[in-house]
Amino acid sequence: MEETKKRTILHVDVDAFYASVEKMDHPELKDKPVIVGGSENRGVVAASCYIARTYGVFSAMPIFQAKKLCPEGVFLPVRHKRYGEVSRALFALVKEMAPKMQQVSVDEAYLDVSDLKRPGREIGEEIKKMIKEKIGLTVSVGVGFNKFTAKMASDMSKPDGLMEITEEEVLDI
């Protein structure tokens with residue numbers, strides 16, 4: 001009887017993408033609470049860095065509320081064109097390593113690495129290292145046996161982490 005090959009799916013998610021791109025482009029903001037979404041009292045937060053999140057500032061929050069929670073925050077407008085450029089460069093690199101890629105947003109993609117000869121965790125570590133070195137951003141990577149478990153693993157490993165959820169672990173619950 002022929003053995004069925006197990007699927008291995010990776011979920012690659014850039015950490016706090018818009019805010020991380022702003023920090024990459026403006027190194028002087030490295031240790032500042034960066035909030036992307038505008039500087040006016042109208043509108044909503046599009047992204048906040050992890051420092052700003054410690055103040056309770058999160059995506060989709062009204063700007064006026066974010067200013068109350070984090071008055072020393074650096075509020076920046078959204079730069080869609082720049083984020084698109086970084087996204088295209090980043091995922092072009094990823095696609096070279098894992099051709100079966102489904103990009104689902106500007107900052108995340110699923111990779112089917114089932115046919116590659118190396119373990120998913122090893123591929124994920126290499127992707128993290130490559131993106132950090134060549135682009136300058138950190139990503140969280142989840143390794144799973146389907147998209148759901150891969151996404152769950154990347155969410156649980158944020159920021160800048162790598163986690164694997166196996167079928168055996170799920171069956172043990």
# chains A, B, ... in the order shown; residues from 1 in each chain; ligands from 1
>>> select_by_dssp(residues="segment 21-149 of chain A", states="strand (DSSP E)", output="ChimeraX atom specification")
/A:34-36,47-48,74-76,101-105,108-112,139-144
>>> residues_around(residues="segment 138-148 of chain A", least_positions_apart="2", cutoff="10 Å", atoms="only C-alpha atoms", output="ChimeraX atom specification")
/A:6-17,20,107-114,119-125,127-133,135-136,150-167
>>> closest_residue(among="A:Arg42, A:Lys23, A:His80, A:Lys117", to="Ala66 of chain A", atoms="only C-alpha atoms")
A:Arg42
>>> atom_distance(atom1="atom CA of Ala60 of chain A", atom2="atom CA of Arg88 of chain A")
24.3 Å
>>> atom_distance(atom1="atom CA of Gly56 of chain A", atom2="atom CA of Lys81 of chain A")
27.7 Å
>>> select_by_dssp(residues="segment 62-143 of chain A", states="alpha helix (DSSP H)", output="ChimeraX atom specification")
/A:63-69,80-97,120-134
>>> write_last_selection(atoms="N, CA, C and O atoms", output="short mmCIF file (atom, residue, chain, number, x, y, z; two decimals), in the first residue's frame")
data_model
loop_
_atom_site.label_atom_id
_atom_site.label_comp_id
_atom_site.auth_asym_id
_atom_site.auth_seq_id
_atom_site.Cartn_x
_atom_site.Cartn_y
_atom_site.Cartn_z
N ILE A 63 -8.20 57.18 15.46
CA ILE A 63 -6.96 57.93 15.70
C ILE A 63 -7.06 58.74 16.99
O ILE A 63 -6.11 58.78 17.78
N PHE A 64 -8.21 59.38 17.23
CA PHE A 64 -8.32 60.21 18.44
C PHE A 64 -8.13 59.38 19.70
O PHE A 64 -7.52 59.83 20.67
N GLN A 65 -8.60 58.15 19.68
CA GLN A 65 -8.44 57.26 20.84
C GLN A 65 -6.97 56.83 20.98
O GLN A 65 -6.43 56.79 22.09
N ALA A 66 -6.31 56.55 19.85
CA ALA A 66 -4.90 56.18 19.88
C ALA A 66 -4.06 57.33 20.45
O ALA A 66 -3.12 57.09 21.22
N LYS A 67 -4.40 58.56 20.10
CA LYS A 67 -3.66 59.72 20.62
C LYS A 67 -3.83 59.87 22.13
O LYS A 67 -2.90 60.28 22.82
N LYS A 68 -5.00 59.54 22.62
CA LYS A 68 -5.23 59.59 24.08
C LYS A 68 -4.41 58.52 24.79
O LYS A 68 -3.83 58.77 25.85
N LEU A 69 -4.38 57.32 24.22
CA LEU A 69 -3.64 56.21 24.84
C LEU A 69 -2.13 56.37 24.73
O LEU A 69 -1.39 55.93 25.60
N HIS A 80 0.66 53.63 0.69
CA HIS A 80 0.32 52.39 -0.01
C HIS A 80 1.33 52.01 -1.08
O HIS A 80 1.69 50.84 -1.22
N LYS A 81 1.80 53.00 -1.84
CA LYS A 81 2.74 52.70 -2.92
C LYS A 81 4.01 52.06 -2.36
O LYS A 81 4.51 51.06 -2.89
N ARG A 82 4.54 52.62 -1.29
CA ARG A 82 5.77 52.09 -0.69
C ARG A 82 5.54 50.69 -0.14
O ARG A 82 6.37 49.79 -0.31
N TYR A 83 4.41 50.47 0.54
CA TYR A 83 4.14 49.15 1.10
C TYR A 83 4.00 48.11 -0.01
O TYR A 83 4.44 46.97 0.13
N GLY A 84 3.43 48.51 -1.14
CA GLY A 84 3.32 47.62 -2.29
C GLY A 84 4.69 47.25 -2.84
O GLY A 84 4.93 46.09 -3.20
N GLU A 85 5.60 48.22 -2.92
CA GLU A 85 6.95 47.95 -3.41
C GLU A 85 7.66 46.93 -2.52
O GLU A 85 8.27 45.97 -3.00
N VAL A 86 7.58 47.15 -1.21
CA VAL A 86 8.25 46.25 -0.26
C VAL A 86 7.62 44.87 -0.34
O VAL A 86 8.31 43.85 -0.35
N SER A 87 6.31 44.81 -0.42
CA SER A 87 5.60 43.54 -0.49
C SER A 87 6.02 42.74 -1.73
O SER A 87 6.30 41.54 -1.64
N ARG A 88 6.07 43.40 -2.88
CA ARG A 88 6.45 42.71 -4.11
C ARG A 88 7.88 42.16 -4.02
O ARG A 88 8.14 41.03 -4.41
N ALA A 89 8.79 42.95 -3.48
CA ALA A 89 10.18 42.50 -3.34
C ALA A 89 10.28 41.32 -2.38
O ALA A 89 10.96 40.32 -2.65
N LEU A 90 9.60 41.43 -1.27
CA LEU A 90 9.64 40.39 -0.25
C LEU A 90 9.08 39.07 -0.77
O LEU A 90 9.72 38.02 -0.66
N PHE A 91 7.90 39.11 -1.38
CA PHE A 91 7.28 37.87 -1.81
C PHE A 91 7.90 37.31 -3.09
O PHE A 91 7.77 36.11 -3.36
N ALA A 92 8.61 38.13 -3.85
CA ALA A 92 9.39 37.60 -4.98
C ALA A 92 10.50 36.71 -4.44
O ALA A 92 10.78 35.63 -5.00
N LEU A 93 11.14 37.13 -3.36
CA LEU A 93 12.18 36.31 -2.71
C LEU A 93 11.60 35.00 -2.18
O LEU A 93 12.17 33.93 -2.35
N VAL A 94 10.45 35.11 -1.52
CA VAL A 94 9.82 33.93 -0.93
C VAL A 94 9.45 32.93 -2.03
O VAL A 94 9.66 31.73 -1.88
N LYS A 95 8.91 33.44 -3.12
CA LYS A 95 8.47 32.56 -4.22
C LYS A 95 9.64 31.79 -4.83
O LYS A 95 9.47 30.67 -5.30
N GLU A 96 10.85 32.37 -4.79
CA GLU A 96 12.03 31.65 -5.28
C GLU A 96 12.30 30.41 -4.43
O GLU A 96 12.76 29.40 -4.95
N MET A 97 12.01 30.49 -3.16
CA MET A 97 12.26 29.36 -2.26
C MET A 97 11.12 28.36 -2.25
O MET A 97 11.33 27.18 -2.02
N GLY A 120 9.54 21.52 6.83
CA GLY A 120 8.91 22.84 6.79
C GLY A 120 9.53 23.82 7.75
O GLY A 120 9.71 25.00 7.43
N ARG A 121 9.86 23.35 8.94
CA ARG A 121 10.47 24.22 9.95
C ARG A 121 11.80 24.80 9.45
O ARG A 121 12.08 25.98 9.62
N GLU A 122 12.59 23.98 8.79
CA GLU A 122 13.88 24.42 8.24
C GLU A 122 13.68 25.46 7.15
O GLU A 122 14.39 26.47 7.08
N ILE A 123 12.70 25.23 6.29
CA ILE A 123 12.39 26.19 5.22
C ILE A 123 11.92 27.51 5.84
O ILE A 123 12.33 28.59 5.42
N GLY A 124 11.08 27.42 6.86
CA GLY A 124 10.59 28.61 7.54
C GLY A 124 11.72 29.43 8.16
O GLY A 124 11.75 30.66 8.05
N GLU A 125 12.67 28.74 8.79
CA GLU A 125 13.82 29.44 9.38
C GLU A 125 14.64 30.14 8.31
O GLU A 125 15.10 31.27 8.50
N GLU A 126 14.82 29.48 7.17
CA GLU A 126 15.59 30.08 6.08
C GLU A 126 14.86 31.30 5.50
O GLU A 126 15.49 32.31 5.19
N ILE A 127 13.55 31.21 5.38
CA ILE A 127 12.76 32.34 4.88
C ILE A 127 12.88 33.53 5.83
O ILE A 127 13.09 34.66 5.40
N LYS A 128 12.75 33.28 7.12
CA LYS A 128 12.89 34.35 8.12
C LYS A 128 14.24 35.04 8.00
O LYS A 128 14.33 36.27 7.98
N LYS A 129 15.29 34.24 7.91
CA LYS A 129 16.66 34.78 7.83
C LYS A 129 16.84 35.59 6.55
O LYS A 129 17.40 36.70 6.58
N MET A 130 16.38 35.06 5.43
CA MET A 130 16.53 35.73 4.13
C MET A 130 15.80 37.07 4.13
O MET A 130 16.35 38.08 3.66
N ILE A 131 14.58 37.12 4.64
CA ILE A 131 13.80 38.36 4.64
C ILE A 131 14.47 39.40 5.54
O ILE A 131 14.56 40.57 5.18
N LYS A 132 14.96 38.97 6.67
CA LYS A 132 15.65 39.89 7.59
C LYS A 132 16.91 40.46 6.93
O LYS A 132 17.15 41.67 6.99
N GLU A 133 17.69 39.61 6.29
CA GLU A 133 18.94 40.05 5.67
C GLU A 133 18.74 40.88 4.40
O GLU A 133 19.40 41.89 4.21
N LYS A 134 17.82 40.46 3.54
CA LYS A 134 17.69 41.11 2.23
C LYS A 134 16.68 42.25 2.20
O LYS A 134 16.81 43.16 1.39
#
>>> residues_around(residues="segment 47-55 of chain A", least_positions_apart="2", cutoff="8 Å", atoms="only C-alpha atoms", output="tab-separated table (two decimals) with C-alpha atoms, in the first residue's frame")
chain	number	residue	atom	x	y	z
A	16	ALA	CA	3.31	44.99	12.03
A	17	PHE	CA	3.93	45.51	8.31
A	18	TYR	CA	3.13	49.21	7.71
A	19	ALA	CA	4.79	50.32	10.96
A	20	SER	CA	7.79	48.07	10.31
A	31	ASP	CA	12.52	52.78	19.57
A	32	LYS	CA	9.42	54.96	19.10
A	33	PRO	CA	5.74	53.99	19.23
A	34	VAL	CA	4.91	54.28	15.51
A	35	ILE	CA	1.26	54.45	14.52
A	36	VAL	CA	0.30	54.46	10.85
A	37	GLY	CA	-3.02	55.85	9.75
A	45	VAL	CA	-5.15	53.20	12.89
A	57	VAL	CA	-3.07	50.95	20.37
A	58	PHE	CA	-4.27	48.47	17.74
A	59	SER	CA	-5.45	48.43	14.12
A	60	ALA	CA	-8.92	49.79	13.37
A	69	LEU	CA	-3.64	56.21	24.84
A	70	CYS	CA	-0.25	57.09	23.35
A	73	GLY	CA	3.24	58.22	19.51
>>> atom_distance(atom1="atom CA of Lys5 of chain A", atom2="atom CA of Gln102 of chain A")
20.6 Å
>>> closest_residue(among="A:Pro62, A:Pro99, A:Gly38, A:Gly43", to="Leu76 of chain A", atoms="only C-alpha atoms")
A:Gly38
>>> closest_residue(among="A:Met24, A:Met101, A:Leu29, A:Val78", to="Val44 of chain A", atoms="only C-alpha atoms")
A:Val78
